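What's in final22.csv: CSV, C-alpha atoms and all ligand atoms
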chain,number,residue,atom,x,y,z
A,1,MET,CA,-11.5,-13.1,29.4
A,2,SER,CA,-13.2,-15.6,31.7
A,3,LYS,CA,-13.5,-19.1,30.2
A,4,PRO,CA,-15.9,-21.5,32.0
A,5,ILE,CA,-15.2,-25.3,31.5
A,6,ASN,CA,-16.6,-26.5,28.3
A,7,ARG,CA,-15.2,-28.9,25.6
A,8,LYS,CA,-14.5,-26.1,23.0
A,9,ASN,CA,-12.9,-23.9,25.7
A,10,GLU,CA,-10.8,-26.9,26.8
A,11,HIS,CA,-9.6,-27.6,23.2
A,12,VAL,CA,-8.4,-24.1,22.8
A,13,SER,CA,-6.7,-23.9,26.2
A,14,LEU,CA,-5.1,-27.3,25.8
A,15,SER,CA,-3.8,-26.6,22.2
A,16,GLU,CA,-2.1,-23.6,23.8
A,17,LYS,CA,-0.8,-25.7,26.7
A,18,PHE,CA,0.8,-28.2,24.3
A,19,TYR,CA,1.8,-25.7,21.7
A,20,HIS,CA,5.4,-26.5,20.5
A,21,ASP,CA,5.5,-30.0,22.1
A,22,ALA,CA,5.7,-32.0,18.9
A,23,ALA,CA,8.8,-32.7,16.8
A,24,SER,CA,8.4,-31.4,13.3
A,25,SER,CA,8.5,-33.7,10.3
A,26,PHE,CA,9.6,-30.7,8.3
A,27,ASP,CA,13.1,-31.2,9.8
A,28,ASP,CA,13.3,-34.2,7.5
A,29,VAL,CA,13.0,-32.0,4.4
A,30,GLN,CA,15.7,-29.8,3.0
A,31,PHE,CA,15.8,-27.6,-0.1
A,32,VAL,CA,18.9,-28.1,-2.4
A,33,HIS,CA,20.7,-24.7,-2.5
A,34,ASP,CA,21.6,-23.3,-5.9
A,35,SER,CA,23.8,-20.2,-6.1
A,36,PHE,CA,22.0,-18.4,-8.9
A,37,PRO,CA,18.3,-17.8,-8.3
A,38,GLN,CA,17.8,-16.2,-11.7
A,39,MET,CA,14.9,-14.0,-10.5
A,40,ASP,CA,14.2,-11.0,-8.3
A,41,VAL,CA,12.2,-11.1,-5.0
A,42,LYS,CA,9.6,-8.8,-6.5
A,43,GLU,CA,8.8,-11.4,-9.1
A,44,ALA,CA,7.7,-14.0,-6.5
A,45,ASN,CA,3.9,-14.3,-6.8
A,46,LEU,CA,2.2,-15.8,-3.7
A,47,ALA,CA,-1.3,-16.0,-5.1
A,48,VAL,CA,-2.9,-19.5,-5.6
A,49,GLN,CA,-6.3,-20.8,-6.8
A,50,VAL,CA,-7.7,-23.7,-4.9
A,51,ALA,CA,-11.2,-25.2,-5.0
A,52,GLY,CA,-11.9,-22.5,-7.6
A,53,LEU,CA,-11.3,-19.8,-5.0
A,54,ASP,CA,-8.6,-17.1,-5.2
A,55,PHE,CA,-6.2,-16.9,-2.3
A,56,SER,CA,-3.7,-14.0,-2.2
A,57,VAL,CA,-1.2,-16.1,-0.2
A,58,PRO,CA,-0.8,-19.8,0.0
A,59,PHE,CA,-1.7,-20.1,3.7
A,60,PHE,CA,-4.9,-19.6,5.8
A,61,ILE,CA,-6.2,-19.8,9.3
A,62,ASN,CA,-7.5,-23.4,9.7
A,63,ALA,CA,-10.5,-24.7,11.7
A,64,MET,CA,-10.5,-24.2,15.4
A,65,SER,CA,-12.9,-22.0,17.3
A,66,GLY,CA,-16.5,-21.2,18.2
A,67,GLY,CA,-19.2,-23.0,20.2
A,68,SER,CA,-19.0,-21.0,23.5
A,69,PRO,CA,-18.9,-17.3,24.4
A,70,TRP,CA,-15.2,-17.4,25.1
A,71,THR,CA,-14.3,-19.2,21.8
A,72,GLY,CA,-16.5,-16.7,20.0
A,73,LYS,CA,-14.2,-14.0,21.3
A,74,VAL,CA,-11.3,-16.0,20.1
A,75,ASN,CA,-13.0,-16.3,16.7
A,76,GLU,CA,-13.3,-12.5,16.6
A,77,LYS,CA,-9.6,-12.1,17.2
A,78,LEU,CA,-8.7,-14.7,14.5
A,79,SER,CA,-11.1,-13.0,12.1
A,80,ILE,CA,-9.5,-9.6,12.6
A,81,ILE,CA,-6.1,-11.1,11.8
A,82,ALA,CA,-7.7,-12.7,8.7
A,83,ARG,CA,-9.3,-9.5,7.6
A,84,GLU,CA,-6.3,-7.3,8.1
A,85,THR,CA,-4.0,-9.6,6.2
A,86,SER,CA,-6.4,-10.9,3.6
A,87,LEU,CA,-6.2,-14.5,4.8
A,88,ALA,CA,-9.0,-17.0,4.4
A,89,ILE,CA,-10.4,-18.4,7.7
A,90,ALA,CA,-12.2,-21.5,8.7
A,91,THR,CA,-14.4,-21.7,11.8
A,92,GLY,CA,-14.3,-24.7,14.1
A,93,SER,CA,-17.0,-27.3,13.9
A,94,VAL,CA,-20.4,-25.6,13.8
A,95,SER,CA,-22.1,-28.7,15.2
A,96,ALA,CA,-22.3,-26.9,18.6
A,97,ALA,CA,-24.6,-24.3,17.0
A,98,ILE,CA,-26.8,-27.0,15.5
A,99,LYS,CA,-27.3,-28.6,18.9
A,100,ASP,CA,-27.6,-25.2,20.8
A,101,PRO,CA,-28.6,-22.2,18.7
A,102,SER,CA,-27.7,-19.9,21.6
A,103,VAL,CA,-24.0,-20.2,20.6
A,104,LYS,CA,-24.6,-19.4,16.9
A,105,ASP,CA,-23.1,-15.9,17.3
A,106,SER,CA,-19.7,-17.4,18.3
A,107,PHE,CA,-19.5,-18.6,14.7
A,108,GLU,CA,-21.4,-15.8,13.0
A,109,ILE,CA,-18.8,-13.3,14.3
A,110,VAL,CA,-16.3,-14.7,11.7
A,111,ARG,CA,-18.5,-13.6,8.8
A,112,LYS,CA,-19.5,-10.4,10.5
A,113,THR,CA,-15.9,-9.4,11.1
A,114,ASN,CA,-15.0,-10.5,7.5
A,115,PRO,CA,-17.9,-9.5,5.3
A,116,ASP,CA,-15.7,-9.7,2.1
A,117,GLY,CA,-13.1,-12.3,3.1
A,118,LEU,CA,-13.0,-16.0,2.3
A,119,VAL,CA,-14.8,-17.9,5.2
A,120,PHE,CA,-15.1,-21.7,5.4
A,121,ALA,CA,-17.7,-23.5,7.6
A,122,ASN,CA,-16.9,-26.9,9.2
A,123,LEU,CA,-18.7,-30.0,10.4
A,124,GLY,CA,-17.7,-33.6,11.2
A,125,ALA,CA,-18.4,-36.4,8.7
A,126,GLY,CA,-21.2,-37.7,10.9
A,127,HIS,CA,-23.4,-34.9,9.5
A,128,GLY,CA,-25.3,-35.1,6.2
A,129,LEU,CA,-26.3,-32.6,3.5
A,130,GLU,CA,-29.0,-30.9,5.4
A,131,ASN,CA,-26.8,-29.8,8.2
A,132,ALA,CA,-24.0,-28.9,5.8
A,133,LYS,CA,-26.4,-26.5,4.0
A,134,ARG,CA,-27.5,-25.0,7.2
A,135,VAL,CA,-24.1,-24.1,8.4
A,136,VAL,CA,-23.0,-22.8,4.9
A,137,ASP,CA,-26.1,-20.5,5.0
A,138,LEU,CA,-25.4,-19.4,8.5
A,139,LEU,CA,-21.9,-18.2,7.6
A,140,GLU,CA,-22.5,-17.4,4.0
A,141,ALA,CA,-19.5,-19.7,3.6
A,142,ASP,CA,-17.3,-19.7,0.5
A,143,ALA,CA,-16.4,-23.4,1.1
A,144,PHE,CA,-17.3,-26.2,3.4
A,145,GLN,CA,-14.9,-28.4,5.4
A,146,ILE,CA,-15.8,-31.9,6.5
A,147,HIS,CA,-13.5,-33.1,9.2
A,148,VAL,CA,-12.6,-36.8,9.7
A,149,ASN,CA,-11.3,-37.4,13.2
A,150,SER,CA,-11.8,-41.1,14.2
A,151,PRO,CA,-8.9,-41.4,16.6
A,152,GLN,CA,-10.0,-38.3,18.4
A,153,GLU,CA,-13.6,-39.5,18.7
A,154,LEU,CA,-12.4,-42.9,20.0
A,155,VAL,CA,-10.2,-41.3,22.8
A,156,MET,CA,-13.1,-39.0,23.8
A,157,PRO,CA,-15.3,-40.6,26.4
A,158,GLU,CA,-18.3,-38.8,24.8
A,159,GLY,CA,-17.0,-39.4,21.3
A,160,ASP,CA,-18.7,-41.2,18.3
A,161,ARG,CA,-18.4,-44.9,18.1
A,162,GLU,CA,-20.2,-45.3,14.7
A,163,PHE,CA,-18.3,-44.4,11.5
A,164,SER,CA,-19.9,-46.6,8.9
A,165,ASN,CA,-22.0,-43.7,7.4
A,166,TRP,CA,-19.1,-41.3,7.0
A,167,LEU,CA,-18.3,-42.0,3.3
A,168,GLU,CA,-22.0,-41.9,2.4
A,169,ASN,CA,-22.4,-38.6,4.1
A,170,ILE,CA,-19.4,-37.2,2.3
A,171,GLN,CA,-20.7,-38.3,-1.0
A,172,GLU,CA,-24.1,-36.8,-0.4
A,173,ILE,CA,-22.5,-33.5,0.6
A,174,VAL,CA,-20.1,-33.4,-2.4
A,175,GLU,CA,-23.0,-34.1,-4.8
A,176,GLY,CA,-25.5,-31.8,-3.2
A,177,LEU,CA,-23.7,-28.7,-1.8
A,178,SER,CA,-23.4,-25.6,-3.9
A,179,VAL,CA,-20.0,-24.5,-2.5
A,180,PRO,CA,-16.6,-26.3,-2.8
A,181,VAL,CA,-16.1,-29.1,-0.3
A,182,ILE,CA,-12.8,-29.8,1.4
A,183,VAL,CA,-12.4,-33.1,3.4
A,184,LYS,CA,-9.8,-32.6,6.2
A,185,GLU,CA,-8.2,-34.6,8.9
A,186,VAL,CA,-7.5,-33.0,12.2
A,187,GLY,CA,-3.8,-33.9,12.8
A,188,PHE,CA,-3.7,-37.7,12.1
A,189,GLY,CA,-2.7,-37.5,8.5
A,190,MET,CA,-3.9,-39.4,5.4
A,191,SER,CA,-2.8,-42.4,3.4
A,192,ARG,CA,-2.9,-43.1,-0.3
A,193,LYS,CA,-5.9,-45.4,0.3
A,194,THR,CA,-7.8,-42.5,2.0
A,195,ILE,CA,-7.0,-40.1,-0.7
A,196,LEU,CA,-8.0,-42.5,-3.5
A,197,LEU,CA,-11.3,-43.3,-1.7
A,198,LEU,CA,-12.1,-39.6,-1.4
A,199,GLU,CA,-11.2,-39.0,-5.1
A,200,SER,CA,-13.6,-41.9,-6.0
A,201,LEU,CA,-16.4,-40.1,-4.2
A,202,GLY,CA,-15.7,-37.0,-6.3
A,203,VAL,CA,-13.9,-35.0,-3.6
A,204,LYS,CA,-11.7,-32.4,-5.3
A,205,THR,CA,-9.9,-30.8,-2.4
A,206,VAL,CA,-8.3,-32.7,0.5
A,207,ASP,CA,-6.5,-31.3,3.6
A,208,ILE,CA,-4.2,-34.1,4.7
A,209,SER,CA,-3.7,-32.5,8.2
A,210,GLY,CA,-1.0,-34.6,9.6
A,211,SER,CA,0.7,-35.1,12.9
A,212,GLY,CA,3.6,-32.9,14.1
A,213,GLY,CA,1.4,-30.1,15.6
A,214,THR,CA,-1.8,-30.3,17.5
A,215,ASN,CA,-2.4,-33.8,18.8
A,216,PHE,CA,-6.0,-34.5,19.6
A,217,ALA,CA,-5.3,-37.9,21.2
A,218,GLN,CA,-3.1,-36.0,23.7
A,219,ILE,CA,-5.7,-33.3,24.2
A,220,GLU,CA,-8.5,-35.8,24.7
A,221,ASN,CA,-6.4,-37.9,27.1
A,222,PHE,CA,-5.6,-34.9,29.2
A,223,ARG,CA,-9.4,-34.2,29.5
A,224,ARG,CA,-10.1,-37.8,30.6
A,225,LYS,CA,-10.0,-38.5,34.3
A,226,ASN,CA,-9.1,-42.2,34.0
A,227,HIS,CA,-8.3,-45.0,31.5
A,228,LYS,CA,-6.1,-42.7,29.4
A,229,MET,CA,-5.3,-44.1,26.0
A,230,ASP,CA,-1.6,-43.1,25.8
A,231,ASP,CA,-0.8,-45.3,22.9
A,232,PHE,CA,-3.2,-43.4,20.7
A,233,GLU,CA,-1.0,-40.3,21.0
A,234,GLY,CA,1.5,-41.7,18.4
A,235,TRP,CA,-1.2,-42.7,16.0
A,236,GLY,CA,-1.2,-41.4,12.4
A,237,GLN,CA,1.0,-40.1,9.7
A,238,SER,CA,3.1,-36.9,9.9
A,239,THR,CA,2.3,-34.0,7.5
A,240,VAL,CA,5.4,-34.7,5.4
A,241,VAL,CA,4.6,-38.4,5.1
A,242,SER,CA,0.9,-37.6,4.2
A,243,LEU,CA,2.1,-35.3,1.5
A,244,LEU,CA,4.4,-38.0,0.1
A,245,GLU,CA,1.6,-40.4,0.2
A,246,ALA,CA,-0.6,-37.9,-1.6
A,247,GLN,CA,2.0,-37.3,-4.3
A,248,GLU,CA,2.0,-41.0,-5.2
A,249,VAL,CA,-1.7,-41.1,-6.0
A,250,SER,CA,-3.5,-37.8,-6.2
A,251,GLU,CA,-4.3,-37.0,-9.8
A,252,LYS,CA,-7.7,-35.4,-9.4
A,253,ALA,CA,-7.6,-33.9,-6.0
A,254,GLU,CA,-5.9,-30.7,-5.0
A,255,ILE,CA,-4.0,-31.1,-1.7
A,256,ILE,CA,-4.0,-28.7,1.2
A,257,ALA,CA,-1.3,-29.3,3.9
A,258,SER,CA,-1.8,-28.7,7.6
A,259,GLY,CA,-0.5,-30.1,10.9
A,260,GLY,CA,2.6,-28.6,12.6
A,261,ILE,CA,3.1,-25.8,10.1
A,262,ARG,CA,4.3,-22.7,12.1
A,263,ARG,CA,6.4,-20.5,9.9
A,264,PRO,CA,7.2,-19.6,6.3
A,265,MET,CA,10.0,-22.2,5.7
A,266,GLU,CA,7.5,-25.0,6.7
A,267,ILE,CA,4.9,-23.4,4.4
A,268,ALA,CA,7.4,-23.5,1.6
A,269,LYS,CA,8.4,-27.1,2.3
A,270,ALA,CA,4.8,-28.2,2.4
A,271,LEU,CA,4.1,-26.5,-1.0
A,272,SER,CA,7.2,-28.0,-2.5
A,273,LEU,CA,6.0,-31.4,-1.4
A,274,GLY,CA,2.9,-30.9,-3.6
A,275,ALA,CA,0.4,-28.9,-1.5
A,276,SER,CA,-1.4,-26.1,-3.3
A,277,LEU,CA,-2.3,-24.3,0.0
A,278,THR,CA,-1.4,-24.6,3.7
A,279,GLY,CA,-3.5,-24.3,6.8
A,280,LEU,CA,-2.2,-23.2,10.2
A,281,SER,CA,-4.2,-23.7,13.4
A,282,SER,CA,-2.4,-23.8,16.7
A,283,GLN,CA,0.2,-21.2,15.5
A,284,PHE,CA,-2.5,-18.7,14.8
A,285,MET,CA,-4.3,-19.6,18.1
A,286,HIS,CA,-1.0,-18.9,19.9
A,287,MET,CA,-0.6,-15.5,18.1
A,288,ALA,CA,-4.2,-14.5,18.5
A,289,LEU,CA,-4.3,-15.2,22.3
A,290,ASP,CA,-1.0,-13.3,22.7
A,291,ASP,CA,-1.4,-10.0,20.7
A,292,VAL,CA,-3.6,-9.4,17.6
A,293,ASP,CA,-1.7,-6.4,16.4
A,294,GLN,CA,1.6,-8.2,16.7
A,295,ALA,CA,0.1,-11.2,14.8
A,296,ILE,CA,-0.9,-9.0,11.9
A,297,GLU,CA,2.6,-7.6,11.7
A,298,THR,CA,4.0,-11.2,11.8
A,299,VAL,CA,1.7,-12.3,8.9
A,300,HIS,CA,2.9,-9.4,6.8
A,301,ALA,CA,6.5,-10.3,7.6
A,302,TRP,CA,5.8,-14.0,6.7
A,303,LYS,CA,4.6,-13.0,3.2
A,304,GLU,CA,7.9,-11.2,2.6
A,305,GLU,CA,9.9,-14.1,4.0
A,306,LEU,CA,8.0,-16.6,1.8
A,307,ARG,CA,8.8,-14.5,-1.3
A,308,ARG,CA,12.5,-14.6,-0.3
A,309,ILE,CA,12.5,-18.4,0.2
A,310,MET,CA,10.8,-18.7,-3.3
A,311,THR,CA,13.6,-16.5,-4.7
A,312,LEU,CA,16.3,-18.7,-3.2
A,313,VAL,CA,14.8,-21.7,-5.0
A,314,GLY,CA,14.1,-19.7,-8.2
A,315,ALA,CA,10.3,-20.2,-7.9
A,316,ARG,CA,8.2,-17.3,-9.4
A,317,ASN,CA,5.0,-18.9,-8.2
A,318,VAL,CA,3.7,-21.8,-6.2
A,319,ASN,CA,3.5,-24.1,-9.2
A,320,GLU,CA,7.3,-23.6,-9.7
A,321,LEU,CA,7.9,-24.1,-5.9
A,322,GLN,CA,6.2,-27.5,-6.3
A,323,GLU,CA,9.0,-28.4,-8.7
A,324,ALA,CA,11.9,-27.5,-6.3
A,325,ASP,CA,14.6,-30.0,-5.6
A,326,LEU,CA,14.3,-31.5,-2.1
A,327,ILE,CA,16.2,-34.0,0.0
A,328,ILE,CA,14.1,-36.2,2.4
A,329,SER,CA,15.8,-37.8,5.3
A,330,GLY,CA,15.1,-39.4,8.7
A,331,ASP,CA,11.8,-41.1,9.5
A,332,SER,CA,10.1,-39.6,6.4
A,333,ALA,CA,12.8,-41.3,4.2
A,334,HIS,CA,12.3,-44.6,6.0
A,335,TRP,CA,8.5,-44.3,5.3
A,336,CYS,CA,9.2,-43.7,1.6
A,337,PHE,CA,11.4,-46.8,1.5
A,338,ALA,CA,8.9,-49.0,3.3
A,339,ARG,CA,6.0,-47.8,1.1
A,340,ASP,CA,8.0,-47.8,-2.2
A,341,ILE,CA,7.6,-44.0,-2.7
A,342,ASP,CA,10.2,-42.5,-5.2
B,1,LIG,C1,-8.7,-27.8,15.8
B,1,LIG,N1,-8.9,-28.5,14.7
B,1,LIG,C2,-10.2,-28.6,14.2
B,1,LIG,N2,-10.4,-29.1,12.9
B,1,LIG,C3,-11.7,-29.2,12.4
B,1,LIG,O1,-11.8,-29.6,11.3
B,1,LIG,N3,-12.8,-28.8,13.2
B,1,LIG,C4,-12.6,-28.3,14.4
B,1,LIG,O2,-13.6,-28.0,15.1
B,1,LIG,C5,-11.3,-28.2,15.0
B,1,LIG,N4,-11.1,-27.7,16.2
B,1,LIG,C6,-9.8,-27.4,16.7
B,1,LIG,C7,-9.6,-26.7,17.8
B,1,LIG,C8,-8.4,-26.3,18.2
B,1,LIG,C9,-8.2,-25.5,19.4
B,1,LIG,C10,-7.3,-26.7,17.4
B,1,LIG,C11,-5.9,-26.3,17.7
B,1,LIG,C12,-7.4,-27.4,16.2
B,1,LIG,C13,-7.8,-29.1,13.9
B,1,LIG,C14,-7.1,-28.2,13.0
B,1,LIG,O3,-7.9,-27.6,12.0
B,1,LIG,C15,-5.9,-28.8,12.3
B,1,LIG,O4,-6.3,-29.8,11.5
B,1,LIG,C16,-4.9,-29.4,13.4
B,1,LIG,O5,-4.9,-28.6,14.5
B,1,LIG,C17,-3.5,-29.5,12.9
B,1,LIG,O6,-3.0,-28.2,12.6
B,1,LIG,P1,-2.0,-27.4,13.7
B,1,LIG,O7,-2.8,-27.1,14.9
B,1,LIG,O8,-0.9,-28.4,14.0
B,1,LIG,O9,-1.5,-26.2,12.9

As structure tokens, how would this structure be written, given the file I've shared?
Ligand code: FNR
Amino acid sequence: MSKPINRKNEHVSLSEKFYHDAASSFDDVQFVHDSFPQMDVKEANLAVQVAGLDFSVPFFINAMSGGSPWTGKVNEKLSIIARETSLAIATGSVSAAIKDPSVKDSFEIVRKTNPDGLVFANLGAGHGLENAKRVVDLLEADAFQIHVNSPQELVMPEGDREFSNWLENIQEIVEGLSVPVIVKEVGFGMSRKTILLLESLGVKTVDISGSGGTNFAQIENFRRKNHKMDDFEGWGQSTVVSLLEAQEVSEKAEIIASGGIRRPMEIAKALSLGASLTGLSSQFMHMALDDVDQAIETVHAWKEELRRIMTLVGARNVNELQEADLIISGDSAHWCFARDID
């Protein structure tokens, strides 16, 4: 596949270039082993309900692609994986199609390939209700993701410099859109303050998308010719820390975890830290670019592996997994101490 230079193409290529660079905060998390699971593997139920939607497994393909012919082809591959494994899938930001309708089909392909699956549309928090409605209609989306990505915008030479209308836009969308709204980070994580603010606006589903996987400060720095902002590359909270922050405060919002999740043990750890669902981006990109059939097989194997992990901790469902005993160490434990998290 040829891939001319274009921002969306570069994001996909660079996420692949940096795939596996980051240290995982999940190494700080360990399950306590008990010798008697008191259940059988076949009893482990992977289904979850989040944002009023039914997911057959607690992971999905998170927002990445679309906005150019090449990323449209990538979206098609991701959508085939989603369809064949009954995973939900989010498109990348549809703002490219609002600016340039000629790239609409690079997003529409996701719904076309998945007429019956769960599909989420995505836009940045700089957009208001009208655009949100347009992209939800375009994709017949089951839910709408609003991404918040201020560090990425600030490293991008062409990025936004005005953020004062974001909360207003989010509130307008939450109040006016007919499908569930998910507010998500893009790999910089969230704090208690952020989650409380979102809850106060009526946001019911939050994807804390922390660091430890795709690093958009690194990607945008690589795209810059000069004045690289290297110090931004360590900005933000890890996924584990963001989940611990969320556990302290979130009473009303359901939490989705993403950022650096690459395999079933990390999915299980994120769920046991309070997430109801997990999103994987660069891992699915890596698998889709490599071999779609192999990716489908891998996802089926992951479902079985997740059931076995749940059996080891005696969890018949994701609610019970959320109650599993964990030990937190390393930087994540230091963060808990400094922030007075039990
Ligand atoms: C992303 N991500 C993203 N998020 C979003 O809300 N809208 C978007 O358009 C994009 N675009 C995008 C492109 C590519 C190539 C990647 C890899 C990622 C961010 C993504 O949804 C997720 O929040 C982070 O990537 C962290 O997850 P991983 O990649 O560490 O699993």

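With distances restricted to all atoms listed in the file, A:Glu305 is the closest residue to Pro264 (chain A) from A:Glu305, A:Glu220, A:Asp34, A:Asp105.
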
Would you kindly return, as a PDB file with C-alpha atoms, keeping the file's coordinate frame, each protein, DNA or RNA residue with an atom no farther than 7 Å from any atom of region 9-22 of chain A, considering all atoms listed in the file and excluding same-chain residues fewer than 2 positions away?
ATOM      1  CA  LYS A   3     -13.500 -19.100  30.200  1.00  0.00           C
ATOM      2  CA  ILE A   5     -15.200 -25.300  31.500  1.00  0.00           C
ATOM      3  CA  ASN A   6     -16.600 -26.500  28.300  1.00  0.00           C
ATOM      4  CA  ARG A   7     -15.200 -28.900  25.600  1.00  0.00           C
ATOM      5  CA  SER A  24       8.400 -31.400  13.300  1.00  0.00           C
ATOM      6  CA  TRP A  70     -15.200 -17.400  25.100  1.00  0.00           C
ATOM      7  CA  THR A  71     -14.300 -19.200  21.800  1.00  0.00           C
ATOM      8  CA  GLY A 212       3.600 -32.900  14.100  1.00  0.00           C
ATOM      9  CA  GLY A 213       1.400 -30.100  15.600  1.00  0.00           C
ATOM     10  CA  THR A 214      -1.800 -30.300  17.500  1.00  0.00           C
ATOM     11  CA  ILE A 219      -5.700 -33.300  24.200  1.00  0.00           C
ATOM     12  CA  SER A 282      -2.400 -23.800  16.700  1.00  0.00           C
ATOM     13  CA  HIS A 286      -1.000 -18.900  19.900  1.00  0.00           C
TER      14      HIS A 286
END

- Task: Please check which protein, DNA or RNA residues sit within 7 Å of ligand LIG 1 (chain B), counting all atoms listed in the file, and write them as a VMD selection string.
- Result: chain A and resid 11 to 12 15 62 to 65 92 to 93 122 to 123 145 to 147 184 to 187 209 to 214 258 to 262 279 to 283 285

Just write the chosen residues, C-alpha atoms, as a CSV table (one decimal), in the coordinates of the input.
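Output below, filename result29.csv:
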chain,number,residue,atom,x,y,z
A,11,HIS,CA,-9.6,-27.6,23.2
A,12,VAL,CA,-8.4,-24.1,22.8
A,15,SER,CA,-3.8,-26.6,22.2
A,62,ASN,CA,-7.5,-23.4,9.7
A,63,ALA,CA,-10.5,-24.7,11.7
A,64,MET,CA,-10.5,-24.2,15.4
A,65,SER,CA,-12.9,-22.0,17.3
A,92,GLY,CA,-14.3,-24.7,14.1
A,93,SER,CA,-17.0,-27.3,13.9
A,122,ASN,CA,-16.9,-26.9,9.2
A,123,LEU,CA,-18.7,-30.0,10.4
A,145,GLN,CA,-14.9,-28.4,5.4
A,146,ILE,CA,-15.8,-31.9,6.5
A,147,HIS,CA,-13.5,-33.1,9.2
A,184,LYS,CA,-9.8,-32.6,6.2
A,185,GLU,CA,-8.2,-34.6,8.9
A,186,VAL,CA,-7.5,-33.0,12.2
A,187,GLY,CA,-3.8,-33.9,12.8
A,209,SER,CA,-3.7,-32.5,8.2
A,210,GLY,CA,-1.0,-34.6,9.6
A,211,SER,CA,0.7,-35.1,12.9
A,212,GLY,CA,3.6,-32.9,14.1
A,213,GLY,CA,1.4,-30.1,15.6
A,214,THR,CA,-1.8,-30.3,17.5
A,258,SER,CA,-1.8,-28.7,7.6
A,259,GLY,CA,-0.5,-30.1,10.9
A,260,GLY,CA,2.6,-28.6,12.6
A,261,ILE,CA,3.1,-25.8,10.1
A,262,ARG,CA,4.3,-22.7,12.1
A,279,GLY,CA,-3.5,-24.3,6.8
A,280,LEU,CA,-2.2,-23.2,10.2
A,281,SER,CA,-4.2,-23.7,13.4
A,282,SER,CA,-2.4,-23.8,16.7
A,283,GLN,CA,0.2,-21.2,15.5
A,285,MET,CA,-4.3,-19.6,18.1

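Closest to Phe284 (chain A) among A:Ala82, A:Leu271, A:Val313, A:Ala23 is A:Ala82, based on only C-alpha atoms.
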
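When only C-alpha atoms are used to measure the gap to Leu243 (chain A), the shortest distance among A:Phe36, A:Phe222, A:Phe60, A:Trp335 belongs to A:Trp335.
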
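Neighbours of region 162-166 of chain A closer than or equal to 8 Å, with all atoms listed in the file counted and sequence neighbours fewer than 3 positions away skipped, come out as Ala125, Gly126, Ser150, Asn169 and Ile170 of chain A.
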